[in-house]
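The structure appears right after this line, and notes come after that.
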Amino acid sequence: MLAAVAAAALPLGLLAPGAAAADRGPARLPVALPKTPVMVGFGGAVSSVDRDASQVGIDVLRRGGNAADAAVATAAALGVTEPYSAGIGGGGFLVYYDARAKRVTTVDGRETAPATFTPETFRNPDGTAMSFPTVVSSGLSVGVPGTPALWDRTLRRFGTWSLNAALRPAENLARRGFVVDQTFHDQTAENAKRFAMFPETARVFLPNGAAPAVGSKFVNRDLAGAYRLLRSQGVGVLYRGSLGEAIVDEARDPHTAPGVSVLHGELTTGDLRSYEALVKAPIHSQYKGLDVYGMPVPSSGGIAVAQILNLMTAYEKRTGVSTSSLDQVGYLHRFSEASATAFADRNRYVGDVPGVPVQQLVSPAFARERACLFDPAQAQPRPIPFGEPDGDYAACGQQSLAQTGGHEGMSTTHLTVADRWGNVAAYTLTIEQTGGSGITVPGYGFLLNNELTDFNFVPLTPGVPDPNLPGPGKRPRSSMSPTILLRDGRPYLAVGSPGGATIITTVSQTILGYLDRGLSLKDAIAAARLSSRNGSTEGAEPAIVDGPVGAGLTALGHRLSESSEIGAATAIRSLRFGLFEAAAETSRRGGGSAMVVWPVR
Ligand code: GLU
C-alpha cells in the first residue's frame, strides 16, 4: 500500500525512493517542485517562505543530507533570496531533534554586543533614549554576526555535510540569480531611501537606482564570492580573517552618501574572535500530553510560548471550559489574556542576564497563580502587572508594577526541516529590521544586522530592574521561537515564524489552532492573527478587527489596532508510516513554500 502511495509521486518526475541515498553528488539535476503552501509525502520535508530556498533544502535531502545539512543549506539560500531578513551578517536560533540521541538541543547564534557596550550606550548625554531610527541605520546597532558560526557548529554537531558542500547551492543561486517577486520588490522599495544612504547598499540592491522590477532576475555576484570564501576557508575567515576585518571596518566607519552621516559602531576584531555559537539545553514544558521544546535565553521565545500554553491550560482548569469548545471570541479573549500575561513576565525577567527564573516561569504552578485574575467576561486592564515567579504560589500572588514592552521589529525568516531518519530542525534567523542596518559590507554583497537595537535603550520602568539593557558581550533579548513538539518521544510538530515580538503569539496561536481549534496545519497557519503583548492596544489582522469577532473582543474590553499582516509561519507535521506534511503561509509575505522529497499529494 505504501509503495503504491510513493509511486503516485513519480508522475511529478521525482526520483524513485532509494535512488536519493545513492545520489550524493551534484551530478543529478534537481527536479523542481511547485510553490505551494502544503505538501504531503515521504523522504523528508522543508518549509520556508521561499520556493528557491525550500528547493535547495529538498535537493540536499534527496542527495542524502540530513535535516541539519538541509537547514544550513536552506538558510544560506534564504540569505540570497531573502537578503533583507537573513544572511551572513545576522544571527538566529536553531532547535534540533537528534533522532539518534533521541534528544532536543538548541544552538544559539545570536549576535553579540561589543566589549565596550554599557547600559548607557544607547542614551543621549541627558540620559534619554537615542532616536531609534537613527541607531537602526548606523554602525552602532551592528552586533557580531552569529549565523556563520551557527551553521558551522550545527554541521559539526549534527550534520553529515561539510560547510563547503552545504553552502554551494546558495553560492550558485547568488551567481545564477533568482526571479524577483512582489515581496522582494516591495521590501526593496520600502527601504530605497535608507539604502541610498549607503552607496554600497545602493549599488548592490538598487540596480539602476531603484528596486528591481518584479519578474526580473536578481544576481548578487559579491554574495556568491562571500559564500565561496566561507566555503573554501571556513568561518575563521569571518571570525579571525579578512572578511571579519571588512565587517569591522564598515561597522566602525560606514561608507555613506555625500551629506549623510551616521553613528559609528564599536565592533572590533577582538569581539569577532571571542564569538561562539552556543549549544544549549532547550526550554521544556508540556501541553496536552505533548513535550514542547523551545529556545532558551537570550531568546524569550521558548519561555513565553511555554507560559502562554500553561496559562491556556490553567484557564481551562479554572473555568472548566476547554479551549476547543469556546467560540472564536472566547478563544481569542483567553489567548490575548495569556499572551499579555506572559509578556508582562518576559519584560520583567527575561534577558541575557544571570538568574533568570526559567523553571519558575515555565512551571504550571506559576501559571495557575497568574491565571487567578482571568475573567472570562472581561479583559484585564493593560498593562497587566508582572508576577512573582518565586516558587511560592497561592491565592493571586503579589501585584507588581505594570510594564509595557519596548520596540519590536517585523522582519526575520523561519524554516523547518525534517528528514527520513527522524531528525527535525526548526530554525529562525534574522538581521533584525527588514534590511538590517542598511549597511552592506563592501565587495561581499550582504547586509549587516541591526540586532543590538533589540536591547532596551533605557529601563522599561524607572526603578525596576531591566534584564535587557545593553552590556559588554551581551546578547540582546529575542522573541524568536523555533519550536519542536514531541509525542511519546517522537517528533510530532515543528513550527516557527518571523515577526519580532509577534513571533511568540504567532507560534503559540498556530500550535493552539492546530491542537485545540480543529484546524488543519495549513489553516492554523493561515488563521487570522491576534497579538497581545501587554501594550495598551493589541495588534489584530483585518479579518478579526473588521468583523463580528473584533466587535465581540471590543465588548470584552480589548482595544484592537489593525495590523495588515502578522507573522509568516512554516511548519512540518510527522504523520504515520514516514509521511510528512509540510505547511506554509497561503498569502502572507506572498505565500510560503512547503515541500517534501516524494510528494503524494
Ligand atoms: N530581532 C527580532 C528578535 O530577535 C527578530 C526580528 C523580527 O522578527 O523583526 O526577536
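Order determines the names: the first chain of the C-alpha cells is A, the second B, and so forth; residues in each chain are numbered 1 upward, and ligands are numbered 1 upward as they are shown.
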Can you pull out every residue with an atom within 8 Å of ligand 1? Use only C-alpha atoms and all ligand atoms and format it as a list in words. Gly92, Ser299, Glu408, Gly409, Met410, Ser411, Thr412, Thr413, Leu429, Thr430, Ile431, Glu432, Gln433, Thr434, Glu451, Thr453, Asp454, Pro476, Arg477, Ser478, Ser479, Met480, Pro498, Gly499, Gly500, Ala501, Thr502 and Ile503 of chain A
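The protein and nucleic acid residues lying at most 7 Å from Val46 of chain A are Ser54, Gly57, Ile58, Thr416, Val417, Ala418, Ala582, Ala594, Met595 and Val596 of chain A, with only C-alpha atoms considered and sequence neighbours fewer than 3 positions away removed.
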Could you build a table of the residues in segment 104-220 of chain A lying no more than 10 Å from segment 73-82 of chain A, giving for each the nearest pair of atoms and their separation in Å rounded to one decimal place, using only C-alpha atoms, ordered by chain and ascending residue number, as a tab-separated table?
```
residue	atom	partner	partner_atom	distance
A:Thr147	CA	A:Ala75	CA	9.2
A:Pro148	CA	A:Ala76	CA	9.3
A:Trp151	CA	A:Ala75	CA	8.8
A:Trp161	CA	A:Ala73	CA	9.9
A:Leu163	CA	A:Ala73	CA	8.8
A:Ala165	CA	A:Ala73	CA	8.6
A:Ala166	CA	A:Ala73	CA	4.9
A:Leu167	CA	A:Ala73	CA	5.7
A:Arg168	CA	A:Ala73	CA	8.0
A:Pro169	CA	A:Ala73	CA	7.0
A:Ala170	CA	A:Ala77	CA	4.5
A:Glu171	CA	A:Ala77	CA	7.9
A:Asn172	CA	A:Ala77	CA	9.2
A:Leu173	CA	A:Ala77	CA	7.1
A:Ala174	CA	A:Val80	CA	5.8
A:Arg175	CA	A:Val80	CA	9.5
A:Gly177	CA	A:Val80	CA	8.6
A:Phe178	CA	A:Thr81	CA	7.1
A:Val179	CA	A:Thr81	CA	8.9
A:Val180	CA	A:Thr81	CA	8.5
A:Asp181	CA	A:Thr81	CA	9.6
A:Thr183	CA	A:Glu82	CA	9.3
A:Phe184	CA	A:Glu82	CA	7.3
A:Gln187	CA	A:Glu82	CA	9.6
A:Phe218	CA	A:Thr81	CA	8.8
A:Val219	CA	A:Val80	CA	9.0
A:Asn220	CA	A:Val80	CA	7.7
```
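The two atoms in question, atom CA of Asp59 of chain A and atom CA of His185 of chain A, are spaced 26.6 Å apart.
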Counting only C-alpha atoms, which of A:Glu276, A:Val358, A:Leu485, A:Phe455 gets nearest to Arg103 of chain A? A:Leu485
Using only C-alpha atoms, which of the listed residues (A:Pro258, A:Pro383, A:Pro34, A:Pro465) sits closest to Tyr349 of chain A?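 Ranked by minimum distance to Tyr349 of chain A, first place goes to A:Pro465.
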